[in-house]
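S.K.: Next comes the structure file input.txt, holding compact mmCIF, C-alpha atoms.
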# COMPACT_ATOMS: atom_id res chain seq x y z
CA MET A 958 -19.24 -13.13 19.27
CA ILE A 959 -15.96 -11.67 20.53
CA LYS A 960 -14.11 -14.58 18.93
CA ARG A 961 -15.77 -13.85 15.57
CA VAL A 962 -14.83 -10.16 15.79
CA LEU A 963 -11.20 -11.07 16.60
CA ILE A 964 -10.99 -13.48 13.65
CA ALA A 965 -12.48 -10.85 11.34
CA ALA A 966 -10.00 -8.27 12.62
CA LEU A 967 -7.05 -10.63 12.08
CA LEU A 968 -8.21 -11.34 8.54
CA LEU A 969 -8.42 -7.64 7.81
CA VAL A 970 -4.93 -6.74 9.10
CA PRO A 971 -2.89 -8.08 6.13
CA LEU A 972 -5.30 -6.47 3.65
CA ALA A 973 -5.13 -3.09 5.32
CA SER A 974 -1.33 -3.14 5.61
CA SER A 975 -0.93 -4.14 1.96
CA PHE A 976 -2.87 -1.00 0.99
CA ARG A 977 -0.55 1.28 2.97
CA ALA A 978 1.84 3.48 1.00
CA GLU A 979 5.48 2.43 1.17
CA GLU A 980 7.55 4.79 3.28
CA LEU A 981 9.40 7.38 1.23
CA ASN A 982 12.94 7.91 2.48
CA GLU A 983 16.48 8.19 1.13
CA LYS A 984 16.79 4.43 1.00
CA SER A 985 13.56 3.80 -0.95
CA TYR A 986 13.75 6.97 -3.08
CA ASP A 987 15.46 5.66 -6.24
CA ARG A 988 13.37 2.51 -6.36
CA ILE A 989 10.07 4.37 -5.95
CA ARG A 990 11.08 7.06 -8.48
CA ASP A 991 12.01 4.43 -11.08
CA TYR A 992 8.73 2.60 -10.45
CA LEU A 993 6.71 5.79 -11.03
CA LEU A 994 8.48 6.85 -14.22
CA PRO A 995 7.35 5.40 -17.57
CA LYS A 996 9.06 2.20 -18.66
CA GLY A 997 10.31 1.52 -22.21
CA ASP A 998 7.19 0.28 -23.99
CA GLU A 999 4.94 2.83 -22.28
CA GLU A 1000 6.48 5.53 -24.48
CA THR A 1001 6.56 3.68 -27.81
CA TRP A 1002 3.93 6.16 -29.09
CA LYS A 1003 6.65 8.82 -28.95
CA LYS A 1004 8.35 7.12 -31.93
CA ILE A 1005 5.72 8.88 -34.08
CA ASP A 1006 6.68 12.31 -35.38
CA TRP A 1007 3.75 14.02 -33.65
CA ARG A 1008 2.73 17.64 -33.95
CA ALA A 1009 1.30 18.83 -30.64
CA THR A 1010 -1.73 20.66 -32.04
CA PHE A 1011 -4.19 20.18 -34.91
CA TRP A 1012 -3.19 23.45 -36.56
CA ASP A 1013 0.53 22.57 -36.41
CA GLY A 1014 -0.51 19.41 -38.26
CA VAL A 1015 -2.44 21.41 -40.88
CA ILE A 1016 0.53 23.74 -41.43
CA ASP A 1017 2.96 20.88 -42.05
CA ALA A 1018 0.45 18.86 -44.09
CA GLN A 1019 -0.09 21.85 -46.39
CA LYS A 1020 3.68 22.25 -46.77
CA GLU A 1021 4.34 18.54 -47.41
CA ASP A 1022 1.13 17.80 -49.36
CA LYS A 1023 0.13 14.99 -47.01
CA PRO A 1024 -3.13 14.10 -45.21
CA VAL A 1025 -3.59 15.01 -41.54
CA MET A 1026 -4.18 12.33 -38.91
CA LEU A 1027 -5.71 13.90 -35.80
CA PHE A 1028 -5.89 12.04 -32.49
CA ALA A 1029 -8.38 14.08 -30.43
CA MET A 1030 -9.29 13.25 -26.84
CA ASN A 1031 -11.00 14.75 -23.82
CA GLY A 1032 -7.85 16.17 -22.27
CA HIS A 1033 -4.83 16.55 -24.53
CA PRO A 1034 -3.51 13.10 -25.53
CA PHE A 1035 0.03 14.28 -24.70
CA GLY A 1036 -1.04 15.53 -21.31
CA CYS A 1037 -3.62 14.41 -18.83
CA THR A 1038 -6.30 12.53 -20.76
CA MET B 1334 -4.63 7.09 -22.21
CA ILE B 1335 -5.03 3.45 -23.28
CA ALA B 1336 -4.91 4.40 -26.97
CA ARG B 1337 -1.48 5.99 -26.46
CA GLN B 1338 -0.20 2.58 -25.48
CA SER B 1339 -2.27 0.39 -27.83
CA VAL B 1340 -3.16 2.05 -31.13
CA TRP B 1341 -0.16 4.39 -31.27
CA SER B 1342 2.38 1.86 -30.03
CA ASP B 1343 1.39 -0.58 -32.78
CA GLU B 1344 4.21 -0.99 -35.30
CA THR B 1345 1.81 -1.26 -38.29
CA ASN B 1346 0.15 2.03 -37.41
CA ILE B 1347 3.50 3.71 -36.74
CA LYS B 1348 4.58 2.70 -40.28
CA LEU B 1349 1.27 3.76 -41.85
CA LEU B 1350 1.64 7.22 -40.32
CA LYS B 1351 4.74 7.88 -42.45
CA ASP B 1352 2.27 8.86 -45.18
CA PHE B 1353 0.42 11.29 -42.87
CA ILE B 1354 1.17 14.30 -40.74
CA PRO B 1355 0.21 13.00 -37.29
CA CYS B 1356 -1.03 15.43 -34.69
CA ALA B 1357 -3.00 15.37 -31.45
CA ASP B 1358 -5.24 17.84 -29.69
CA GLU B 1359 -7.77 18.39 -26.95
CA VAL B 1360 -11.25 17.86 -28.34
CA TRP B 1361 -13.40 20.09 -26.07
CA ARG B 1362 -11.69 23.22 -27.32
CA LEU B 1363 -12.01 22.06 -30.95
CA GLN B 1364 -15.73 21.50 -30.43
CA ASN B 1365 -16.48 24.75 -28.63
CA VAL B 1366 -14.16 27.64 -29.51
CA ASP B 1367 -14.57 29.99 -32.47
CA GLU B 1368 -11.02 29.99 -33.79
CA PRO B 1369 -9.76 28.79 -37.22
CA ASP B 1370 -8.52 25.34 -36.14
CA CYS B 1371 -11.72 24.62 -34.21
CA GLU B 1372 -13.93 25.82 -37.07
CA MET B 1373 -12.09 23.56 -39.51
CA PHE B 1374 -12.51 20.58 -37.15
CA ARG B 1375 -16.24 21.20 -36.74
CA GLY B 1376 -16.51 21.41 -40.52
CA PHE B 1377 -15.61 17.76 -41.01
CA CYS B 1378 -15.86 15.90 -37.68
CA ASP B 1379 -19.44 14.64 -38.16
CA GLU B 1380 -19.14 13.57 -41.79
CA GLY B 1381 -18.43 9.96 -40.94
CA GLY B 1382 -21.24 9.91 -38.37
CA VAL B 1383 -21.07 11.28 -34.83
CA LEU B 1384 -18.45 9.38 -32.88
CA ASN B 1385 -19.29 8.37 -29.32
CA GLY B 1386 -23.02 8.85 -29.43
CA GLU B 1387 -26.26 8.90 -31.33
CA GLY B 1388 -27.79 12.00 -32.79
CA MET B 1389 -26.12 15.28 -33.65
CA GLU B 1390 -26.00 16.92 -30.20
CA SER B 1391 -23.08 19.32 -30.10
CA THR B 1392 -22.46 18.38 -26.46
CA VAL B 1393 -21.56 14.77 -27.28
CA THR B 1394 -17.80 14.41 -27.24
CA ARG B 1395 -16.22 13.92 -30.64
CA GLN B 1396 -13.09 12.32 -29.23
CA GLY B 1397 -11.52 9.87 -31.63
CA THR B 1398 -9.15 9.58 -34.56
CA TYR B 1399 -9.76 11.58 -37.73
CA CYS B 1400 -8.11 11.91 -41.10
CA CYS B 1401 -8.61 15.05 -43.16
CA THR B 1402 -6.93 17.06 -45.87
CA PRO B 1403 -5.10 20.31 -45.02
CA SER B 1404 -8.06 22.04 -46.71
CA GLY B 1405 -10.37 20.50 -44.10
CA LYS B 1406 -12.03 17.80 -46.18
CA PHE B 1407 -13.04 14.63 -44.37
CA LEU B 1408 -11.19 11.40 -45.16
CA GLY B 1409 -12.15 9.08 -42.30
CA SER B 1410 -12.83 8.73 -38.56
CA ILE B 1411 -13.04 6.11 -35.86
CA ASN B 1412 -12.97 5.88 -32.07
CA SER B 1413 -11.39 2.56 -31.23
CA ARG B 1414 -8.60 1.12 -29.12
CA ASP B 1415 -8.21 -1.71 -31.65
CA PRO B 1416 -5.03 -1.07 -33.67
CA LYS B 1417 -6.33 -3.14 -36.62
CA ARG B 1418 -9.56 -1.14 -36.97
CA VAL B 1419 -7.61 2.10 -36.83
CA ALA B 1420 -5.13 0.77 -39.41
CA LYS B 1421 -8.04 0.05 -41.79
CA MET B 1422 -9.33 3.61 -41.37
CA LEU B 1423 -5.84 4.98 -42.12
CA ARG B 1424 -5.53 2.86 -45.29
CA ASP B 1425 -9.03 3.83 -46.50
CA SER B 1426 -8.30 7.50 -45.85
CA LEU B 1427 -5.02 7.35 -47.74
CA LYS B 1428 -6.81 5.79 -50.72
CA LYS B 1429 -9.34 8.66 -50.76
CA TRP B 1430 -6.50 11.18 -50.46
CA LYS B 1431 -4.74 9.75 -53.50
CA GLU B 1432 -7.91 10.05 -55.58
CA MET B 1433 -8.31 13.79 -54.82
CA SER B 1434 -6.95 16.63 -56.90
CA LYS B 1435 -4.31 18.91 -55.42
CA GLU B 1436 -6.78 21.83 -55.51
CA ASP B 1437 -9.19 19.85 -53.33
CA ARG B 1438 -6.51 18.63 -50.94
CA LEU B 1439 -4.80 21.92 -50.14
CA LEU B 1440 -5.80 25.31 -48.80
CA ASP B 1441 -5.55 28.34 -51.04
CA TYR B 1442 -3.77 30.28 -48.28
CA ASP B 1443 -0.89 29.62 -45.91
CA PRO B 1444 -2.36 28.24 -42.65
CA LYS B 1445 0.56 29.85 -40.78
CA ASP B 1446 -1.18 33.20 -41.34
CA LYS B 1447 -4.01 32.09 -39.02
CA LEU B 1448 -1.72 31.27 -36.07
CA LYS B 1449 -2.19 34.73 -34.56
CA GLU B 1450 -5.95 34.08 -34.35
CA ILE B 1451 -5.42 30.94 -32.26
CA LYS B 1452 -5.25 31.70 -28.55
CA ARG B 1453 -4.56 28.57 -26.59
CA GLY B 1454 -2.66 27.75 -23.41
CA GLU B 1455 0.36 26.44 -25.28
CA THR B 1456 1.13 29.94 -26.58
CA GLN B 1457 2.09 30.84 -22.98
CA TYR B 1458 4.63 28.01 -22.63
CA PRO B 1459 7.19 29.35 -20.10
CA LYS B 1460 10.39 28.70 -22.06
CA ASP B 1461 12.45 30.78 -19.61
CA GLY B 1462 10.72 29.32 -16.54
CA LEU B 1463 10.32 25.83 -15.13
CA VAL B 1464 8.23 23.06 -16.71
CA LEU B 1465 7.70 19.86 -14.74
CA LYS B 1466 6.22 16.64 -16.03
CA VAL B 1467 4.03 15.17 -13.30
CA ASN B 1468 3.86 11.37 -13.65
CA SER B 1469 1.18 9.59 -11.62
CA ARG B 1470 0.72 5.92 -10.90
CA ASP B 1471 -0.82 3.64 -8.28
CA MET B 1472 1.77 2.16 -5.92
CA PRO B 1473 1.88 -1.65 -5.81
CA ARG B 1474 -0.82 -3.36 -3.77
CA GLU B 1475 -2.52 -6.70 -3.54
CA GLY B 1476 -5.81 -7.51 -5.17
CA LEU B 1477 -5.27 -6.16 -8.69
CA LYS B 1478 -4.75 -8.56 -11.59
CA ASP B 1479 -1.60 -8.22 -13.67
CA SER B 1480 -3.70 -8.47 -16.85
CA ASP B 1481 -5.92 -5.55 -15.80
CA TRP B 1482 -4.84 -2.28 -17.47
CA ARG B 1483 -5.69 -0.43 -14.26
CA THR B 1484 -2.89 -2.22 -12.41
CA HIS B 1485 -0.28 -0.59 -14.65
CA ALA B 1486 -2.10 2.65 -15.46
CA TRP B 1487 0.16 5.66 -15.76
CA ASN B 1488 -0.82 9.21 -16.54
CA PHE B 1489 0.86 12.58 -16.61
CA ASP B 1490 0.27 16.29 -16.67
CA PHE B 1491 2.54 19.33 -16.86
CA ALA B 1492 3.10 21.92 -14.14
CA TRP B 1493 4.28 25.30 -15.36
CA PHE B 1494 6.12 28.07 -13.51
CA ASN B 1495 6.94 31.29 -15.32
CA LYS B 1496 10.32 32.96 -14.83
CA ASP B 1497 9.22 35.18 -11.93
CA GLU B 1498 7.57 32.24 -10.18
CA MET B 1499 10.67 30.10 -10.66
CA LEU B 1500 12.95 32.80 -9.25
CA SER B 1501 10.60 33.27 -6.28
CA MET B 1502 11.40 29.69 -5.22
CA LEU B 1503 14.91 30.79 -4.23
CA PRO B 1504 16.10 33.05 -1.40
CA LYS B 1505 18.14 36.17 -2.24
CA GLN B 1506 21.32 34.56 -0.93
CA LEU B 1507 22.11 30.91 -1.42
CA LYS B 1508 24.49 29.61 1.25
CA LYS B 1509 25.23 26.09 2.38
CA ASP B 1510 22.71 24.91 5.00
CA ALA B 1511 20.29 27.74 4.17
CA GLU B 1512 16.70 26.62 4.78
CA TRP B 1513 13.40 28.06 3.59
CA GLU B 1514 9.91 27.14 2.43
CA LEU B 1515 8.89 27.37 -1.23
CA PRO B 1516 6.23 30.08 -1.76
CA ASP B 1517 2.91 29.06 -0.24
CA GLY B 1518 0.84 30.08 -3.27
CA LEU B 1519 2.96 28.08 -5.72
CA VAL B 1520 3.00 24.99 -3.51
CA LYS B 1521 -0.77 25.14 -3.03
CA ARG B 1522 -1.26 25.52 -6.79
CA LEU B 1523 1.05 22.60 -7.49
CA CYS B 1524 -0.77 20.39 -5.01
CA ARG B 1525 -4.37 21.20 -5.82
CA LEU B 1526 -3.98 21.28 -9.62
CA HIS B 1527 -1.39 18.53 -10.14
CA LEU B 1528 -1.35 16.04 -7.28
CA LEU B 1529 -4.63 14.60 -8.49
CA ASP B 1530 -5.96 11.09 -8.84
CA ASN B 1531 -5.76 11.09 -12.63
CA VAL B 1532 -4.02 7.68 -12.80
CA ARG B 1533 -6.92 6.05 -14.67
CA GLY B 1534 -8.32 9.14 -16.33
CA GLN B 1535 -9.15 12.81 -16.16
CA THR B 1536 -10.29 14.29 -12.89
CA ASN B 1537 -11.12 17.66 -11.36
CA SER B 1538 -8.68 19.92 -9.59
CA TYR B 1539 -9.20 20.68 -5.90
CA PRO B 1540 -10.54 24.06 -4.80
CA LEU B 1541 -8.30 26.20 -2.59
CA ASP B 1542 -10.27 25.39 0.55
CA ALA B 1543 -9.55 21.68 0.04
CA VAL B 1544 -5.88 22.30 0.80
CA LYS B 1545 -5.46 21.31 4.45
CA LYS B 1546 -1.68 21.15 4.27
CA ALA B 1547 0.79 21.96 1.50
CA VAL B 1548 4.40 22.68 2.30
CA ILE B 1549 7.73 22.12 0.56
CA ASN B 1550 10.87 22.80 2.59
CA ALA B 1551 14.16 23.49 0.87
CA LYS B 1552 17.71 23.20 2.23
CA VAL B 1553 21.02 23.86 0.49
CA THR B 1554 23.18 20.76 0.85
CA LYS B 1555 26.03 21.58 -1.52
CA ILE B 1556 27.40 24.40 -3.66
CA LYS B 1557 29.92 23.45 -6.32
CA LYS B 1558 31.04 25.34 -9.45
CA GLY B 1559 28.00 27.59 -9.32
CA VAL B 1560 25.51 24.74 -9.01
CA VAL B 1561 23.48 24.79 -5.82
CA THR B 1562 22.11 21.43 -4.69
CA ILE B 1563 18.85 21.76 -2.78
CA GLU B 1564 17.13 19.03 -0.79
CA LEU B 1565 13.33 19.14 -0.94
CA THR B 1566 10.98 17.67 1.64
CA GLY B 1567 7.29 18.27 2.08
CA GLU B 1568 3.80 17.20 2.97
CA VAL B 1569 0.39 17.55 1.41
CA LYS B 1570 -3.14 16.92 2.58
CA LEU B 1571 -6.08 17.61 0.29
CA GLU B 1572 -9.65 16.91 1.26
CA GLN B 1573 -12.89 17.67 -0.55
CA GLY B 1574 -16.03 15.79 0.42
CA GLN B 1575 -15.41 12.08 0.01
CA ARG B 1576 -12.10 12.38 -1.85
CA GLY B 1577 -8.61 13.30 -0.77
CA LEU B 1578 -4.86 12.78 -0.74
CA GLU B 1579 -2.37 12.59 2.09
CA ALA B 1580 1.28 12.25 1.09
CA LYS B 1581 4.91 13.01 1.84
CA MET B 1582 7.45 14.49 -0.55
CA LEU B 1583 11.17 14.04 -1.06
CA GLY B 1584 13.42 15.27 -3.81
CA GLU B 1585 16.36 17.29 -5.01
CA ALA B 1586 16.90 20.35 -7.17
CA ALA B 1587 20.06 21.75 -8.72
CA TRP B 1588 20.07 25.49 -9.38
CA ASN B 1589 22.57 26.69 -11.94
CA SER B 1590 23.53 30.17 -10.71
CA LYS B 1591 25.32 31.04 -13.95
CA ASP B 1592 22.54 30.04 -16.38
CA LYS B 1593 19.78 31.09 -13.95
CA LYS B 1594 17.85 27.88 -14.40
CA PHE B 1595 17.27 24.56 -12.73
CA ASP B 1596 19.50 21.80 -14.13
CA LYS B 1597 17.46 19.36 -12.06
CA PHE B 1598 14.15 19.51 -10.24
CA GLU B 1599 12.93 16.14 -9.08
CA LEU B 1600 10.24 15.52 -6.51
CA VAL B 1601 8.74 12.17 -5.52
CA VAL B 1602 5.40 12.20 -3.72
CA VAL B 1603 4.01 9.07 -2.10
CA GLY B 1604 0.92 8.66 0.04
CA GLU B 1605 -2.69 7.59 0.01
CA ARG B 1606 -5.65 8.72 -2.05
CA TRP B 1607 -9.31 7.99 -1.50
CA GLY B 1608 -12.64 8.68 -3.13
CA ARG B 1609 -13.46 9.29 -6.77
CA THR B 1610 -14.65 11.84 -9.30
CA GLN B 1611 -17.03 11.36 -12.23
CA PHE B 1612 -14.53 10.28 -14.89
CA ASN B 1613 -11.47 8.95 -13.06
CA ALA B 1614 -12.56 5.28 -13.13
CA ARG B 1615 -12.43 4.75 -9.34
CA GLN B 1616 -16.07 3.73 -8.91
CA ASP B 1617 -14.97 0.39 -7.43
CA ASP B 1618 -11.84 1.71 -5.74
CA THR B 1619 -12.78 4.43 -3.30
CA GLU B 1620 -11.02 3.21 -0.14
CA ARG B 1621 -7.65 4.58 0.93
CA ALA B 1622 -4.98 3.21 -1.41
CA PRO B 1623 -1.35 4.07 -2.16
CA ILE B 1624 -0.51 6.45 -4.99
CA GLY B 1625 2.71 8.07 -6.16
CA TYR B 1626 3.91 10.96 -8.30
CA CYS B 1627 7.27 11.75 -9.80
CA LEU B 1628 7.87 15.31 -10.95
CA GLN B 1629 10.83 15.97 -13.24
CA ILE B 1630 11.88 18.71 -15.65
CA ALA B 1631 10.07 18.10 -18.95
CA SER B 1632 11.98 17.56 -22.17
CA ASP B 1633 12.15 20.09 -24.98
CA HIS B 1634 10.13 17.80 -27.30
CA ALA B 1635 6.84 19.05 -28.77
CA THR B 1636 4.90 16.39 -26.86
CA ASP B 1637 6.18 17.87 -23.57
CA LYS B 1638 4.97 21.41 -24.31
CA ILE B 1639 1.28 20.84 -23.62
CA ALA B 1640 -0.47 23.27 -21.28
CA PRO B 1641 -1.43 22.00 -17.81
CA ALA B 1642 -4.85 20.31 -17.77
CA SER B 1643 -6.22 23.01 -15.44
CA PHE B 1644 -4.28 25.87 -17.01
CA TRP B 1645 -7.25 28.24 -16.85
CA GLU B 1646 -6.86 28.16 -13.07
CA TYR B 1647 -3.32 29.56 -13.24
CA GLY B 1648 -4.67 33.06 -13.88
CA TRP B 1649 -1.73 33.98 -16.15
I'd like the structure from this file rewritten - as structure tokens, please.
M.R.:
Amino acid sequence: MIKRVLIAALLLVPLASSFRAEELNEKSYDRIRDYLLPKGDEETWKKIDWRATFWDGVIDAQKEDKPVMLFAMNGHPFGCT
Amino acid sequence: MIARQSVWSDETNIKLLKDFIPCADEVWRLQNVDEPDCEMFRGFCDEGGVLNGEGMESTVTRQGTYCCTPSGKFLGSINSRDPKRVAKMLRDSLKKWKEMSKEDRLLDYDPKDKLKEIKRGETQYPKDGLVLKVNSRDMPREGLKDSDWRTHAWNFDFAWFNKDEMLSMLPKQLKKDAEWELPDGLVKRLCRLHLLDNVRGQTNSYPLDAVKKAVINAKVTKIKKGVVTIELTGEVKLEQGQRGLEAKMLGEAAWNSKDKKFDKFELVVVGERWGRTQFNARQDDTERAPIGYCLQIASDHATDKIAPASFWEYGW
């Protein structure tokens, strides 16, 4: 029984340590920051000439005589959605 | 979140949108508030059938992609992450638009005149304060497949500080080696409203009593040509029921004494989160796991001027 518990514990150690957050210090700072920031293709959607609200879209569409395309989400699509 | 990086990163759709005025908005407000933009939305949103649910219940979310005329006439709608299906809806809508008369397409008044009737968080954008973009992402760990969107999920929110709040972050005299703590109320607000597990989707803010620890220490490390370099270190612990966050912070700010603004404000937060909320897609991922945040000054672009997700809790 003890042997089984020990084997189970040993199997769990690598899993638990792999889930631990990497230590944040001056040495790891730049690498972690760059990992957290968006990479090139994650911001391709910004190539579109977005208006940040529906009504801003209506104002410009009226001025330019163009149709409005509205992307509406739970949570603003340009913020936390 | 996924649509940002699928539908709206698709080159065909980006090209098709040259014939439209593209805009984005938060759908709950459009569905529920009695202001001109919301009333126009409700006037057309169900014409193509109710997106996201059967029946006509007003509580069912209408999130999706819509095309309409400036006069508020419906052209098309869809809720899909498939770029090709959305492209078809855009083409069909454009065809309808071209068949309409100018009188039908346009309003008979200037929509700018209605701006004063629209009271939304964005009207309080603190242009003379500090606006931080809060990027969130899971830190690397074993067990997640590279092909799974959740492995690479990235989300963001904005943290706002008005001018008085920004100035309150600094002591009256800035000297080399000066040390202080950023104001307790602002740090608690930052932590409980912005250091959230929103990596995979929207989540709730923490109540004040969930803040077990929230501190950011500041120390002047250099003063050169009127720019004060400030080292930031801190800790946070949030706990509410079965969910929480425990993390450390490190960063640097540069205060421009002449322009009275931050040239730089960067804070990295790394730690562990646990638990879940109703919509944050953690139902199979509730154990402690590493998470990180990077806070940086937001750009001046329109897409970076969105109100914080929990702005109503700011009490401005």
S.K.: List as an MDAnalysis selection string the protein and nucleic acid residues near Lys1570 of chain B, meaning an atom at most 9 Å away when all atoms listed in the file are counted, but skip any in the same chain fewer than 2 places from it.
M.R.: chainID B and resid 1524 1543:1547 1568 1572 1577:1581
S.K.: Compare B:Val1366, B:Ile1563, B:Met1502, B:Leu1541 by their minimum atom-to-atom distance to Lys1452 of chain B, counting all atoms listed in the file, and give me the closest one.
M.R.: B:Val1366
S.K.: Define the interface residues of chain A facing chain B as those within 8 Å, counting only C-alpha atoms, and report them as a PyMOL selection string.
M.R.: chain A and resi 972+975-982+986+989-990+993-995+998-1002+1004-1019+1022-1038
S.K.: Using only C-alpha atoms for the distances, tell me which of B:Lys1421, B:Arg1414, B:Lys1478, B:Arg1522 is nearest to Gly1648 of chain B.
M.R.: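 Under the stated criterion, the closest residue is B:Arg1522.
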S.K.: Give me, please, the distance in Å between atom CA of Phe1595 of chain B and atom CA of Leu1463 of chain B, quoted to one decimal.
M.R.: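 Calculated distance between atom CA of Phe1595 of chain B and atom CA of Leu1463 of chain B is 7.5 Å.
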